[in-house]
>>> print(open('model_11.txt').read())   # compact mmCIF, C-alpha atoms and all ligand atoms
# COMPACT_ATOMS: atom_id res chain seq x y z
CA MET A 23 91.08 65.19 84.76
CA ARG A 24 87.87 67.16 84.36
CA LEU A 25 87.80 70.43 86.31
CA ALA A 26 84.47 71.58 87.70
CA THR A 27 83.42 74.32 90.10
CA LEU A 28 81.19 74.12 93.12
CA ARG A 29 79.78 77.08 95.05
CA LYS A 30 78.81 76.81 98.72
CA GLY A 31 78.11 80.03 100.63
CA LYS A 32 81.15 82.29 100.40
CA SER A 33 83.35 79.51 99.10
CA CYS A 34 84.09 78.38 95.59
CA ILE A 35 85.87 75.10 94.88
CA LEU A 36 87.61 74.03 91.69
CA TYR A 37 88.01 70.26 91.70
CA ASP A 38 88.69 67.22 89.57
CA ALA A 39 85.24 65.81 88.88
CA ASP A 40 86.75 62.57 87.53
CA SER A 41 88.19 61.61 90.88
CA LEU A 42 85.88 63.40 93.33
CA CYS A 43 82.36 62.56 92.18
CA ASP A 44 80.32 59.54 93.26
CA ALA A 45 78.25 57.37 90.91
CA ASP A 46 75.51 60.04 90.83
CA GLN A 47 78.07 62.71 89.87
CA ALA A 48 77.73 64.36 93.28
CA PRO A 49 81.06 65.90 94.35
CA GLN A 50 82.44 64.27 97.50
CA ILE A 51 84.05 67.50 98.62
CA GLY A 52 83.02 70.73 100.31
CA PRO A 53 84.43 73.73 102.19
CA SER A 54 85.12 71.56 105.27
CA THR A 55 87.54 69.44 103.22
CA PHE A 56 89.89 72.42 103.43
CA THR A 57 89.71 72.92 107.19
CA PRO A 58 92.29 71.15 109.38
CA ASP A 59 89.71 70.92 112.21
CA TRP A 60 87.48 68.71 110.11
CA TRP A 61 90.35 66.34 109.32
CA GLN A 62 91.44 66.38 112.94
CA ALA A 63 87.97 65.30 114.02
CA GLN A 64 88.10 62.37 111.55
CA GLY A 65 91.56 61.39 112.74
CA GLY A 66 92.67 61.95 109.14
CA ILE A 67 95.84 64.00 109.71
CA THR A 68 98.89 61.82 109.09
CA GLY A 69 101.60 64.43 109.35
CA GLN A 70 102.88 67.91 108.72
CA ALA A 71 105.01 68.98 105.78
CA PRO A 72 108.54 70.06 106.58
CA GLY A 73 109.44 73.72 106.20
CA ARG A 74 106.96 76.33 107.29
CA GLY A 75 104.77 73.59 108.70
CA ALA A 76 101.64 75.13 107.23
CA SER A 77 100.86 72.13 105.03
CA LEU A 78 99.24 68.96 106.33
CA PHE A 79 99.36 65.38 105.09
CA LEU A 80 95.93 63.75 105.06
CA SER A 81 94.60 60.24 104.66
CA ALA A 82 92.21 60.56 101.70
CA GLY A 83 90.41 57.28 102.30
CA ASN A 84 91.11 55.76 98.87
CA GLY A 85 94.62 54.77 99.90
CA ASP A 86 96.07 58.05 98.65
CA GLU A 87 97.48 60.68 100.89
CA TRP A 88 96.75 64.31 100.19
CA VAL A 89 98.63 67.48 100.97
CA LEU A 90 96.50 70.40 102.17
CA ARG A 91 98.27 73.72 101.76
CA PRO A 92 96.76 77.01 102.87
CA TYR A 93 98.12 80.07 101.04
CA ARG A 94 100.17 82.17 103.39
CA ARG A 95 102.38 85.15 102.99
CA GLY A 96 105.92 85.10 104.25
CA GLY A 97 107.83 88.03 105.68
CA MET A 98 106.64 91.25 107.26
CA VAL A 99 103.10 91.37 105.91
CA ALA A 100 102.49 88.03 107.57
CA ARG A 101 102.15 89.68 110.95
CA LEU A 102 99.15 91.75 109.90
CA SER A 103 97.18 89.09 108.11
CA ASP A 104 99.04 86.07 106.87
CA ASN A 105 96.31 84.32 104.95
CA ARG A 106 94.26 87.08 103.36
CA TYR A 107 94.67 88.33 99.80
CA LEU A 108 93.01 91.12 97.83
CA TRP A 109 90.11 89.87 95.72
CA THR A 110 90.50 90.67 92.00
CA GLY A 111 88.30 87.91 90.59
CA LEU A 112 87.94 84.18 91.07
CA GLU A 113 90.16 83.12 88.19
CA ARG A 114 92.90 85.43 89.44
CA THR A 115 93.12 83.85 92.88
CA ARG A 116 96.35 82.08 93.76
CA ALA A 117 94.53 78.78 94.33
CA PHE A 118 92.55 78.70 91.07
CA ARG A 119 95.64 79.68 89.09
CA GLU A 120 97.83 77.04 90.69
CA MET A 121 95.14 74.37 90.28
CA ARG A 122 94.64 75.11 86.57
CA LEU A 123 98.38 75.43 85.87
CA THR A 124 99.18 72.18 87.65
CA ALA A 125 96.43 70.37 85.73
CA GLU A 126 97.80 71.79 82.47
CA LEU A 127 101.35 70.63 83.22
CA LEU A 128 100.07 67.21 84.24
CA ALA A 129 98.18 66.95 80.95
CA ARG A 130 101.50 67.60 79.21
CA ASP A 131 103.02 64.66 81.09
CA LEU A 132 105.28 66.76 83.25
CA PRO A 133 106.12 65.43 86.74
CA VAL A 134 103.94 67.54 89.02
CA PRO A 135 101.71 66.28 91.85
CA THR A 136 98.17 65.50 90.73
CA PRO A 137 95.98 68.43 91.79
CA VAL A 138 92.82 67.46 93.68
CA ALA A 139 90.97 70.69 94.48
CA ALA A 140 91.37 74.38 95.17
CA SER A 141 89.17 76.39 97.51
CA VAL A 142 88.64 80.13 97.69
CA THR A 143 86.57 81.87 100.36
CA ARG A 144 85.72 85.50 99.76
CA HIS A 145 85.19 88.03 102.53
CA GLY A 146 84.34 91.24 100.67
CA LEU A 147 87.58 92.74 99.40
CA ILE A 148 89.79 89.87 100.49
CA TYR A 149 89.90 86.11 100.23
CA GLU A 150 91.59 83.13 101.76
CA ALA A 151 92.48 80.02 99.82
CA ALA A 152 93.90 76.51 99.98
CA LEU A 153 95.00 73.79 97.60
CA ILE A 154 94.97 70.01 97.88
CA THR A 155 97.32 67.81 95.84
CA VAL A 156 98.04 64.09 95.91
CA ARG A 157 101.06 63.39 98.07
CA ILE A 158 104.03 61.90 96.22
CA PRO A 159 104.73 58.78 98.30
CA GLY A 160 108.17 58.55 99.82
CA ALA A 161 109.29 61.86 98.35
CA ARG A 162 112.21 63.72 99.87
CA ALA A 163 113.32 67.20 98.99
CA LEU A 164 116.52 67.62 97.01
CA ALA A 165 117.55 69.96 99.86
CA SER A 166 117.52 67.08 102.32
CA LEU A 167 119.47 64.79 99.96
CA LEU A 168 122.11 67.50 99.52
CA GLU A 169 122.39 68.05 103.27
CA ASN A 170 123.01 64.33 103.76
CA ASP A 171 125.38 64.09 100.82
CA GLU A 172 123.02 61.65 99.10
CA ALA A 173 122.57 63.45 95.79
CA ASP A 174 124.76 61.61 93.28
CA ASP A 175 125.79 62.91 89.86
CA ASP A 176 123.20 60.89 88.02
CA LEU A 177 120.39 62.29 90.15
CA LEU A 178 121.66 65.85 89.75
CA GLN A 179 121.76 65.47 85.98
CA ARG A 180 118.20 64.16 86.00
CA VAL A 181 117.19 67.20 88.03
CA GLY A 182 118.69 69.38 85.29
CA ALA A 183 116.93 67.42 82.57
CA ILE A 184 113.57 67.75 84.34
CA ILE A 185 113.97 71.51 84.76
CA ARG A 186 114.77 71.70 81.07
CA ARG A 187 111.53 69.89 80.20
CA PHE A 188 109.54 72.38 82.27
CA HIS A 189 111.38 75.28 80.65
CA ASP A 190 110.76 73.88 77.18
CA ALA A 191 107.06 73.81 78.09
CA GLY A 192 107.39 77.50 79.07
CA LEU A 193 107.05 77.20 82.85
CA ASP A 194 108.55 80.12 84.74
CA HIS A 195 108.94 78.67 88.25
CA VAL A 196 109.35 81.79 90.36
CA ASP A 197 110.52 79.82 93.41
CA LEU A 198 112.80 77.19 91.90
CA ASN A 199 114.75 75.89 94.87
CA ALA A 200 116.01 72.65 96.40
CA ARG A 201 112.92 72.34 98.62
CA ASN A 202 110.54 72.46 95.67
CA LEU A 203 112.29 69.62 93.83
CA LEU A 204 111.28 66.25 95.28
CA VAL A 205 112.78 62.82 94.63
CA ASP A 206 110.64 59.71 95.20
CA ASN A 207 111.71 56.17 96.22
CA SER A 208 112.35 55.19 92.62
CA GLY A 209 114.59 58.22 92.05
CA LYS A 210 112.03 60.06 89.95
CA VAL A 211 112.26 63.86 90.17
CA TRP A 212 109.16 66.01 90.72
CA LEU A 213 108.59 69.76 90.72
CA ILE A 214 106.13 71.21 93.22
CA ASP A 215 104.85 74.56 94.52
CA LEU A 216 103.53 76.32 91.42
CA ASP A 217 102.14 79.27 93.37
CA ARG A 218 102.53 82.45 91.26
CA CYS A 219 104.14 80.49 88.41
CA ARG A 220 103.01 80.80 84.80
CA LEU A 221 103.61 79.69 81.25
CA ARG A 222 105.53 82.26 79.23
CA ARG A 223 107.38 82.82 76.02
CA ASP A 224 111.15 82.31 75.97
CA GLY A 225 113.09 84.94 77.92
CA GLY A 226 115.53 85.88 80.68
CA TRP A 227 113.31 84.15 83.26
CA LYS A 228 114.94 80.80 82.45
CA ARG A 229 118.34 82.08 83.53
CA ARG A 230 116.81 83.72 86.61
CA ASN A 231 115.14 80.43 87.60
CA LEU A 232 118.50 78.63 87.36
CA GLU A 233 120.30 81.34 89.30
CA ARG A 234 117.75 81.09 92.06
CA LEU A 235 118.25 77.34 92.21
CA GLU A 236 122.02 77.83 92.33
CA ARG A 237 121.65 80.12 95.37
CA SER A 238 119.45 77.51 97.01
CA LEU A 239 121.99 74.71 96.41
CA ALA A 240 124.57 76.78 98.29
CA ARG A 241 122.25 76.83 101.28
CA PHE A 242 122.14 73.06 101.57
CA SER A 243 125.70 72.02 100.66
CA ASN A 244 129.24 73.14 101.37
CA PRO A 245 130.72 75.55 98.79
CA ALA A 246 132.61 72.90 96.79
CA ALA A 247 129.62 70.53 96.71
CA ALA A 248 127.34 73.39 95.64
CA VAL A 249 129.59 74.23 92.69
CA HIS A 250 129.70 70.57 91.73
CA ALA A 251 125.91 70.18 92.02
CA THR A 252 125.36 73.26 89.87
CA GLU A 253 127.67 71.86 87.18
CA ARG A 254 125.87 68.51 87.08
CA ILE A 255 122.44 70.15 86.97
CA VAL A 256 123.53 72.47 84.16
CA LYS A 257 124.92 69.46 82.28
CA GLY A 258 121.60 67.62 82.58
CA TYR A 259 119.81 70.81 81.53
CA SER A 260 122.00 71.32 78.44
CA ASP A 261 122.37 67.73 77.18
N1 LIG B 1 102.43 66.60 96.54
C1 LIG B 1 103.33 66.53 97.51
N2 LIG B 1 103.88 65.34 97.86
C2 LIG B 1 104.78 65.24 98.86
N3 LIG B 1 105.19 66.29 99.60
C3 LIG B 1 104.69 67.50 99.32
C4 LIG B 1 103.75 67.70 98.26
N4 LIG B 1 103.40 69.00 98.22
C5 LIG B 1 104.10 69.59 99.21
N5 LIG B 1 104.87 68.70 99.87
C6 LIG B 1 105.76 68.99 101.02
O1 LIG B 1 105.29 70.15 101.64
C7 LIG B 1 106.28 71.18 101.63
C8 LIG B 1 105.62 72.53 101.41
O2 LIG B 1 104.87 72.54 100.22
P1 LIG B 1 105.01 73.66 99.12
O3 LIG B 1 103.99 73.36 98.06
O4 LIG B 1 106.42 73.76 98.68
O5 LIG B 1 104.53 74.98 99.88
P2 LIG B 1 105.31 76.19 100.57
O6 LIG B 1 106.74 76.16 100.11
O7 LIG B 1 104.56 77.39 100.11
O8 LIG B 1 105.15 75.93 102.05
C9 LIG B 1 107.22 70.78 100.51
O9 LIG B 1 108.52 71.27 100.69
C10 LIG B 1 107.17 69.26 100.56
O10 LIG B 1 108.05 68.78 101.54
MG MG B 2 107.80 75.23 98.65
>>> encode(input="model_11.txt", output="structure tokens", more="lines below")
Ligand SMILES: Nc1ncnc2c1ncn2[C@@H]1O[C@H](COP(=O)(O)OP(=O)(O)O)[C@@H](O)[C@H]1O
Ligand SMILES: [Mg+2]
Amino acid sequence: MRLATLRKGKSCILYDADSLCDADQAPQIGPSTFTPDWWQAQGGITGQAPGRGASLFLSAGNGDEWVLRPYRRGGMVARLSDNRYLWTGLERTRAFREMRLTAELLARDLPVPTPVAASVTRHGLIYEAALITVRIPGARALASLLENDEADDDLLQRVGAIIRRFHDAGLDHVDLNARNLLVDNSGKVWLIDLDRCRLRRDGGWKRRNLERLERSLARFSNPAAAVHATERIVKGYSD
């Protein structure tokens, strides 16, 4: 992966030049790549991500599917302006940070989706942003497996072991929950949604990440199953 930036009008794009440039090194990407309308017009929208429904699945043309996720706020602020953030510099935008962090984790062989490109559009004091990643084929959220009682002990231990690898690398995942852990067809576990996450020195954040996950497990399983799932995950984490 070779990250490069491209400026077009008010937009700035950070993209993987290895996968997005043609033979003449011209990037095959632009601000329209981040607009659902453009994909709609091409007939390139293949679905909508579960959850908030803000993310779209796209047919990238090379056989891959992409996930286009606009940055949105949740909660009360959302009503005023749900996709605008205060500008404090390009490298401090949510999209550029998540793109660079995801590329860094991928380079360390950690199971994160391959990042494709991040886009930031500045309007004076505020900006809007979006991120594209490669879709993990056949992935289902751990949340959905728990709800259907399909998460066996072996899987739960592997979830714990994967979280441990991310923690050993120093990743503080501020939204570690059962929707951000995906399991593909082969049973491989992936961690997604690195918005606002960062690499840090050892500290109490590891315990807080695990506690957050524990609360999330309780949302998708009955109380006894949640306790059991937590135990297996902690075992995989500690082994
Ligand atoms: N690379 C990916 N491959 C497959 N599914 C994905 C991928 N990225 C996101 N998704 C799906 O989209 C949903 C929302 O994406 P996420 O990055 O968690 O954003 P948010 O939680 O902010 O809406 C995820 O729960 C997952 O179902
Ligand atoms: Mg998420």
>>> residues_around(input="model_11.txt", residues="Ser54 (chain A)", least_positions_apart="2", cutoff="12 Å", atoms="only C-alpha atoms", output="number ranges by chain")
A: 30-31, 33-35, 50-52, 56-64, 90, 141-143, 152
>>> residues_near_ligand(input="model_11.txt", ligand="ligand LIG 1 (chain B)", cutoff="7 Å", atoms="only C-alpha atoms and all ligand atoms", output="ChimeraX atom specification")
/A:71-74,76-77,89,91,135,155-159,161-163,201-202,214-215
>>> residues_around(input="model_11.txt", residues="Arg230 (chain A)", least_positions_apart="6", cutoff="12 Å", atoms="all atoms listed in the file", output="list in words")
His189, Asp194, His195, Val196, Asp197, Leu198, Asn199, Glu236 and Arg237 of chain A
>>> closest_residue(input="model_11.txt", among="A:Leu123, A:Leu80, A:Ala248, A:Ala117", to="Gly65 (chain A)", atoms="all atoms listed in the file")
A:Leu80
>>> closest_residue(input="model_11.txt", among="A:Glu233, A:Asp206, A:Asp217, A:Asp261", to="ligand MG 2 (chain B)", atoms="all atoms listed in the file")
A:Asp217
>>> closest_residue(input="model_11.txt", among="A:Thr115, A:Ser238, A:Thr252, A:Asn244", to="ligand MG 2 (chain B)", atoms="all atoms listed in the file")
A:Ser238
>>> residues_around(input="model_11.txt", residues="Asp174 (chain A)", least_positions_apart="2", cutoff="12 Å", atoms="only C-alpha atoms", output="ChimeraX atom specification")
/A:164,167-168,170-172,176-181,209,247,250-251,254-255
>>> write_last_selection(input="model_11.txt", atoms="C-alpha atoms", output="mmCIF file, in the frame of the given file")
data_model
loop_
_atom_site.group_PDB
_atom_site.id
_atom_site.type_symbol
_atom_site.label_atom_id
_atom_site.label_comp_id
_atom_site.auth_asym_id
_atom_site.auth_seq_id
_atom_site.Cartn_x
_atom_site.Cartn_y
_atom_site.Cartn_z
ATOM 1 C CA LEU A 164 116.520 67.620 97.010
ATOM 2 C CA LEU A 167 119.470 64.790 99.960
ATOM 3 C CA LEU A 168 122.110 67.500 99.520
ATOM 4 C CA ASN A 170 123.010 64.330 103.760
ATOM 5 C CA ASP A 171 125.380 64.090 100.820
ATOM 6 C CA GLU A 172 123.020 61.650 99.100
ATOM 7 C CA ASP A 176 123.200 60.890 88.020
ATOM 8 C CA LEU A 177 120.390 62.290 90.150
ATOM 9 C CA LEU A 178 121.660 65.850 89.750
ATOM 10 C CA GLN A 179 121.760 65.470 85.980
ATOM 11 C CA ARG A 180 118.200 64.160 86.000
ATOM 12 C CA VAL A 181 117.190 67.200 88.030
ATOM 13 C CA GLY A 209 114.590 58.220 92.050
ATOM 14 C CA ALA A 247 129.620 70.530 96.710
ATOM 15 C CA HIS A 250 129.700 70.570 91.730
ATOM 16 C CA ALA A 251 125.910 70.180 92.020
ATOM 17 C CA ARG A 254 125.870 68.510 87.080
ATOM 18 C CA ILE A 255 122.440 70.150 86.970
#
>>> atom_distance(input="model_11.txt", atom1="CA of Ala240 (chain A)", atom2="CA of Ala165 (chain A)")
9.9 Å
>>> closest_residue(input="model_11.txt", among="A:Arg130, A:Arg187, A:Arg234, A:Arg220", to="Ser260 (chain A)", atoms="all atoms listed in the file")
A:Arg187
>>> closest_residue(input="model_11.txt", among="A:Pro49, A:Pro92, A:Pro133, A:Gly85", to="ligand MG 2 (chain B)", atoms="all atoms listed in the file")
A:Pro92
>>> atom_distance(input="model_11.txt", atom1="CA of Leu108 (chain A)", atom2="CA of Ile148 (chain A)")
4.4 Å
>>> atom_distance(input="model_11.txt", atom1="CA of Leu193 (chain A)", atom2="CA of Leu221 (chain A)")
4.5 Å
>>> closest_residue(input="model_11.txt", among="A:Leu239, A:Leu36, A:Gly192, A:Leu213", to="ligand MG 2 (chain B)", atoms="only C-alpha atoms and all ligand atoms")
A:Leu213
